[in-house]
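Novice: One structure follows; several queries about it will come next.
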Amino acid sequence: MDIKIIGAGLGGLAVSCLLAHKGHDVTILEKNSTPGGKINEISAQGFRFDTGPSLLTMPFILEKLFEYCDAEISDFLDIQPIDPICRYFYPNGIQFDCYQDTCLNTAQIQEFAPDDVQAYKKFITYTEQLYERTKDAFLYNPLYGLSDLGNLNFTDFLKINAFQTVSDRIDKQFKSTELQQFFKRFTTYNGSSPYQAPATLNVIPYVELSLGGYYLNGGMYSLIKALTTLAENKGVHIQYDAEITKINTTDNKIAGVTDIDGNFHPADIVVSNSDASDTYLHLANKEDISLLKRKRVANVEPSCSGFVLMLGIDKVYNALTHHNIFFSKDYKREFKQIFEEKIMPKDPTIYIANTSHTNPQDAPEGGSNLFVLVNAPYLNNNIDWDNEEKRYKKLIIRKLQEHGLTDLSDHIEYSNTITPKDFYQKYRSNKGSIYGTSSNSKLAAFMRPKNKSRSIKGLYLVGGSTHPGGGIPLVTLSAFHAETLINRYE
Ligand SMILES: Cc1cc2nc3c(=O)[nH]c(=O)nc-3n(C[C@H](O)[C@H](O)[C@H](O)COP(=O)(O)OP(=O)(O)OC[C@H]3O[C@@H](n4cnc5c(N)ncnc54)[C@H](O)[C@@H]3O)c2cc1C
């Protein structure tokens, strides 16, 4: 079959490999001049930065992708565990190095929260149970047809705490504000708020703390280089600078797509890796999508966005490891500002990926490449990014200096920023969201756009805005689901 894929993000590249391996004739049409979408990199003045993901979890899903395509992942990628997975700095001076080894963690917890050592162990077991109860129903399941609903076990469903928030469940478990803040942080991995999202998302700490945190040696962008090579080896044709503006149909069935220059690209099947809201609300013909569906898609809440500051500095701060988090003083207030008031947090939690700690070649000798990320509201009328960018950059540098990165501003040799507006303009993500759709509602897992359209025959969807959600492992699963559904229905 002739398959056209809109977008060479992770989802588009992954599904192209799966489909080309099955013998289909696959072309990717990408609006930008490079592949990867939000997984991108910048090199300047001797510094290299990944501009998107910095942490890989569940690497076995990528392994499955290469295995499915009869390729050896180690020929393409050097996956390296990072330990400690992350260093946490609290406003009261406590520092916590989080390892995959529970004993190393409990030894530290014994020092700063002795009353919570048992609670920590119990919670890790609880997160594992959540993973076991949810993985077949919500992750490894296309959740599309009636046959897929068979994987939903009603008894299990009652035990996944879908009716309590992440925060309420954690507060019940821990006395220590440090551990409360630590566990609540994981909800941001899919761009949601721990004060709104269902406690089921407490499955995320299991994925990192028990299954491990990984880095791709040479940079996270090596994933995109690997998938592009694999796709091209399978015969996939990738056309860059080809923005698709329309999905063409005949009698509600795919006919092809049209690019911005008016060229028509015929297809039997179209897989869209553009954001699901853009696919349904702007690329598809209005007549092909019912008013109800259009309303439903428009109402799906995007995940939060992010404000990124890349700093190339002529110094190594010994306090920093590969992944670092500086927590804010009032977490609840911070999330209220991001998710309810939709303004930039006054006192943000600041994440720093310092990949030069692992890959010294990412910075000139004696220097560091600091990728700084702060959660930000998705695009809204409260923030004019043309004015906010400079102000917020200054605020972050000041905060980092207060957190102990002394005289940081004197050591900056290179700096660059990425705002929510850039995420929207570069990748067309819904309101600049960085993880696709949010999980702030109890029914988010069911409301998220599926990997096959029920409105247009032959239209499939992949990527973070579709089932099962955002982040490298889940987006890769969306590609598997789309391929399964194509096999099932075409
Ligand atoms: C700052 C940041 C930090 C992150 N950190 C992590 C992390 O540590 N770990 C993790 O697992 N995940 C992380 N993520 C999330 C992860 O990067 C995303 O979930 C994932 O990369 C999204 O892939 P996608 O397939 O949805 O495609 P996208 O990256 O959204 O790509 C879509 C592609 O489609 C193209 N496109 C869109 N519309 C059109 C059109 N009309 N015509 C042609 N082409 C089009 C775009 O240009 C783009 O190339 C992070 C993301 C960001 C931005």
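To be explicit about the labels: the chains of the structure tokens are called A, B, and onward in the order shown, and within each one the residues are counted from 1, while ligands get numbers from 1 in the order they are shown.
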From segment 109-285 of chain A, collect each residue whose DSSP state is helix (DSSP H, G or I) and return the set as number ranges by chain.
Specialist: A: 109-112, 114-139, 146-149, 154-158, 166-173, 177-190, 199-210, 222-233, 276-283
Novice: Which residues form the shell of 7 Å around ligand 1 when you count only C-alpha atoms and all ligand atoms, given as a PyMOL selection string?
Specialist: chain A and resi 6-12+29-32+35-39+51-57+242-245+273-275+306+308+373+426-429+434-436+462-465+470-473+475
Novice: What gap, in Å, lies between atom CA of Arg87 of chain A and atom CA of Phe371 of chain A?
Specialist: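 Computed distance, atom CA of Arg87 of chain A to atom CA of Phe371 of chain A, equals 14.9 Å.
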Novice: Could you give me, as a list in words, the residues within 6 Å of Ala255 of chain A, counting only C-alpha atoms and dropping anything in the same chain fewer than 6 positions from it?
Specialist: Asn248, Thr249, Pro266 and Ala267 of chain A
Novice: Can I get the selection written as a JSON list (two decimals), in the first residue's frame, with N, CA and C atoms?
Specialist:
[["chain", "number", "residue", "atom", "x", "y", "z"],
["A", 248, "ASN", "N", -6.79, 14.97, 1.92],
["A", 248, "ASN", "CA", -7.81, 14.84, 0.87],
["A", 248, "ASN", "C", -8.54, 13.51, 1.00],
["A", 249, "THR", "N", -9.86, 13.57, 0.78],
["A", 249, "THR", "CA", -10.67, 12.34, 0.87],
["A", 249, "THR", "C", -11.62, 12.25, -0.32],
["A", 266, "PRO", "N", -0.76, 11.37, -3.57],
["A", 266, "PRO", "CA", -1.79, 10.34, -3.40],
["A", 266, "PRO", "C", -1.40, 9.32, -2.34],
["A", 267, "ALA", "N", -2.40, 8.71, -1.72],
["A", 267, "ALA", "CA", -2.10, 7.70, -0.69],
["A", 267, "ALA", "C", -3.31, 6.78, -0.49]]
Novice: What is the atom CA of Val372 of chain A to atom CA of Ala353 of chain A distance in Å?
Specialist: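 Going from atom CA of Val372 of chain A over to atom CA of Ala353 of chain A, I get 6.6 Å.
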Novice: What are the closest atom pairs, with distances in Å to one decimal, for all residues of segment 153-179 of chain A lying within 9 Å of segment 190-204 of chain A? Consider only C-alpha atoms, order rows by chain and residue number, and present the result as CSV.
Specialist:
residue,atom,partner,partner_atom,distance
A:Ile160,CA,A:Thr200,CA,5.3
A:Asn161,CA,A:Ala199,CA,5.4
A:Ala162,CA,A:Pro198,CA,4.9
A:Phe163,CA,A:Pro198,CA,6.2
A:Gln164,CA,A:Ala199,CA,5.5
A:Thr165,CA,A:Pro198,CA,4.4
A:Val166,CA,A:Ala199,CA,3.8
A:Ser167,CA,A:Pro194,CA,5.3
A:Asp168,CA,A:Tyr195,CA,7.7
A:Arg169,CA,A:Ala199,CA,6.3
A:Ile170,CA,A:Ala199,CA,8.4
Novice: Against segment 64-79 of chain A, which residues of segment 219-286 of chain A fall within 12 Å? For each one I want the closest pair of atoms and the distance in Å (one decimal), counting only C-alpha atoms, rows by chain and increasing residue number, as CSV.
Specialist:
residue,atom,partner,partner_atom,distance
A:Gly219,CA,A:Asp78,CA,9.7
A:Met220,CA,A:Leu77,CA,9.7
A:Tyr221,CA,A:Leu77,CA,10.4
A:Ser222,CA,A:Leu77,CA,7.0
A:Leu223,CA,A:Leu77,CA,7.0
A:Ile224,CA,A:Leu77,CA,10.1
A:Lys225,CA,A:Phe76,CA,8.6
A:Ala226,CA,A:Phe76,CA,5.5
A:Leu227,CA,A:Phe76,CA,8.5
A:Thr228,CA,A:Phe76,CA,10.6
A:Thr229,CA,A:Phe76,CA,8.7
A:Leu230,CA,A:Ala71,CA,8.1
A:Ala231,CA,A:Cys69,CA,9.5
A:Asn233,CA,A:Ala71,CA,10.3
A:Lys234,CA,A:Cys69,CA,8.7
